[in-house]
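J.: Pasting a structure below so you can have a look.
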Amino acid sequence: MAQAAHAAEAPHSSTGIDSRKVLMWIFLASECLFFGSLIATYLVFKGDIPLPAPGFIEAHMHDGVVTGWFPTDRVVDGVEYAGVLNIPVTSASTFVLLMSSVAMVLAVYGAQNGRLKMMKIWLLATLLLGIIFLGFQVFEFHEFGAEGLNLATNQFGASFFVLTGFHGAHVTVGVLMLGSMLLASMRRTGLGPEAGFHVETIGLYWHFVDIVWIVIFTVVYLVPA
Amino acid sequence: MSAEGGHAAGSHERSHPTVRQYVLIGLLLTVITIVELAASYTPGLGVLLIPILMVLSGIKFVIVVAYFMHLRFEKALLTRLFVFGFVLAGAILISLLALFWGDPAVINR
């Protein structure tokens, strides 16, 4: 009887691990390659950014300072450039994403231990923190655009927006998944008998998005050019 | 399969952290981030700055993967899968930097 119950609970795979979880980890491993390539591209262009054309300098000179070209402040050939990266604001958004990971792991804990109210509360907290992070990113992109930096400005702009934009797209997908999971948990049947597994799987994706940002925050914002 | 059953089906070998431990890990991550930030604003670190930032970032990365993603509590197969992808990504990163870092034909395109 006990053996039959154990057989019913055992994952159907030769590895002893639920195949869906293995698939998720393979997906996350492939995402490492994706973001690794984008980070490498960013580093190549961050290392040596060419000077802007005179037309750009004239168009973006405000009070003797040129904006929207370099990531950090610098003076080249007597011309003062203001860096676009706003580290205090990004530090705040990094804190928000870190806290969303804490909220996510508490939601997983609630789901795996049958504490459904706890699961719902922390899923909602994760969702809201994810939306706040996206708000920070929209604000940052808007500020950069106002200063003259966009995808077409220079190689730094192109690689920066592609890298952080793809990360933002991943956060957006995560927010949508969290929202749909939260809505599904409100149904009369809830998330069904595998609630713990479903929330854990989305949690894996969410934490991955967080670790990618841990690397981006250091490489893009903190490491000097 | 119950919620508890779903938990057990993940073939965990060690017991998971408690809520208190998760919160403490979150605090630790916050402290490491503050130290990173302080280091980036500290003048005089010179060539030490980048290794310091990389080590701190690596510690945060490992903590999240090991405890929040529960890799520490899973079977070794999942760790091998993820490390394989991560090492491959590192190799791509190093290769691209070796090929194109400072190459004027790329930078000025």
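Chain labels follow the order of the structure tokens: the first chain is A, the next B, and so on; residue numbering restarts at 1 in every chain, and ligands are counted from 1 in their shown order.
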Return the neighbours of chain B among the residues of chain A, cut-off 8 Å, counting only C-alpha atoms, as a ChimeraX atom specification.

T.: /A:8-11,16-18,22,25-26,28-30,32-37,39-41,43-45,47-50,91,95,98-99,101-102,105-106,109,111-114,155,193-197,203-204,207-208,211,214-215,218,222-223

J.: Just want the 12 Å neighbourhood of A:His62, counted on only C-alpha atoms, with same-chain residues fewer than 4 positions away dropped. Output as a PyMOL selection string.

T.: chain A and resi 56-58+66-68+79-82+147-148

J.: Keeping only N, CA and C atoms, write the selected residues as a compact mmCIF listing (two decimals), in the first residue's frame.

T.:
```
# COMPACT_ATOMS: atom_id res chain seq x y z
N PHE A 56 26.54 65.93 -33.35
CA PHE A 56 25.95 65.40 -32.12
C PHE A 56 26.31 66.31 -30.95
N ILE A 57 27.60 66.75 -30.93
CA ILE A 57 28.05 67.60 -29.82
C ILE A 57 27.23 68.89 -29.79
N GLU A 58 27.04 69.50 -30.97
CA GLU A 58 26.26 70.76 -31.02
C GLU A 58 24.81 70.53 -30.57
N VAL A 66 28.17 67.92 -22.78
CA VAL A 66 27.49 67.08 -23.78
C VAL A 66 26.85 65.89 -23.07
N THR A 67 25.61 65.62 -23.40
CA THR A 67 24.90 64.48 -22.77
C THR A 67 24.63 63.39 -23.80
N GLY A 68 24.37 62.19 -23.28
CA GLY A 68 23.84 61.11 -24.12
C GLY A 68 24.84 60.37 -24.97
N VAL A 79 36.40 68.72 -24.09
CA VAL A 79 34.93 68.72 -24.07
C VAL A 79 34.45 67.87 -22.89
N GLU A 80 33.53 68.42 -22.10
CA GLU A 80 33.02 67.71 -20.93
C GLU A 80 31.78 66.91 -21.30
N TYR A 81 31.79 65.62 -20.99
CA TYR A 81 30.65 64.74 -21.27
C TYR A 81 30.03 64.27 -19.94
N ALA A 82 28.71 64.35 -19.86
CA ALA A 82 28.02 63.84 -18.66
C ALA A 82 27.60 62.40 -18.92
N GLU A 147 18.21 62.48 -23.09
CA GLU A 147 19.59 62.98 -23.14
C GLU A 147 20.25 62.74 -24.50
N GLY A 148 19.58 62.00 -25.37
CA GLY A 148 20.10 61.79 -26.73
C GLY A 148 20.60 60.40 -27.02
```

J.: Would you return as a PyMOL selection string the members of chain B that DSSP assigns to alpha helix (DSSP H) on this structure's backbone?

T.: chain B and resi 3-8+19-41+49-63+76-100+104-107

J.: Using only C-alpha atoms, which residue out of A:Gly110, A:Gly130, A:Gly157, A:Gly145 lies closest to A:Val220?

T.: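 Closest residue, counting only C-alpha atoms: A:Gly157.
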
J.: Which residue, A:Val108, A:Leu191, A:Ile132, A:Ala184, has the smallest gap to A:Ala92 when you use only C-alpha atoms?

T.: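 That would be A:Ile132, the residue with the smallest distance to A:Ala92.
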
J.: When you count only C-alpha atoms, which of these residues is closest to A:Leu23: A:Val209, A:Gly135, A:Thr201, A:Met177?

T.: A:Thr201
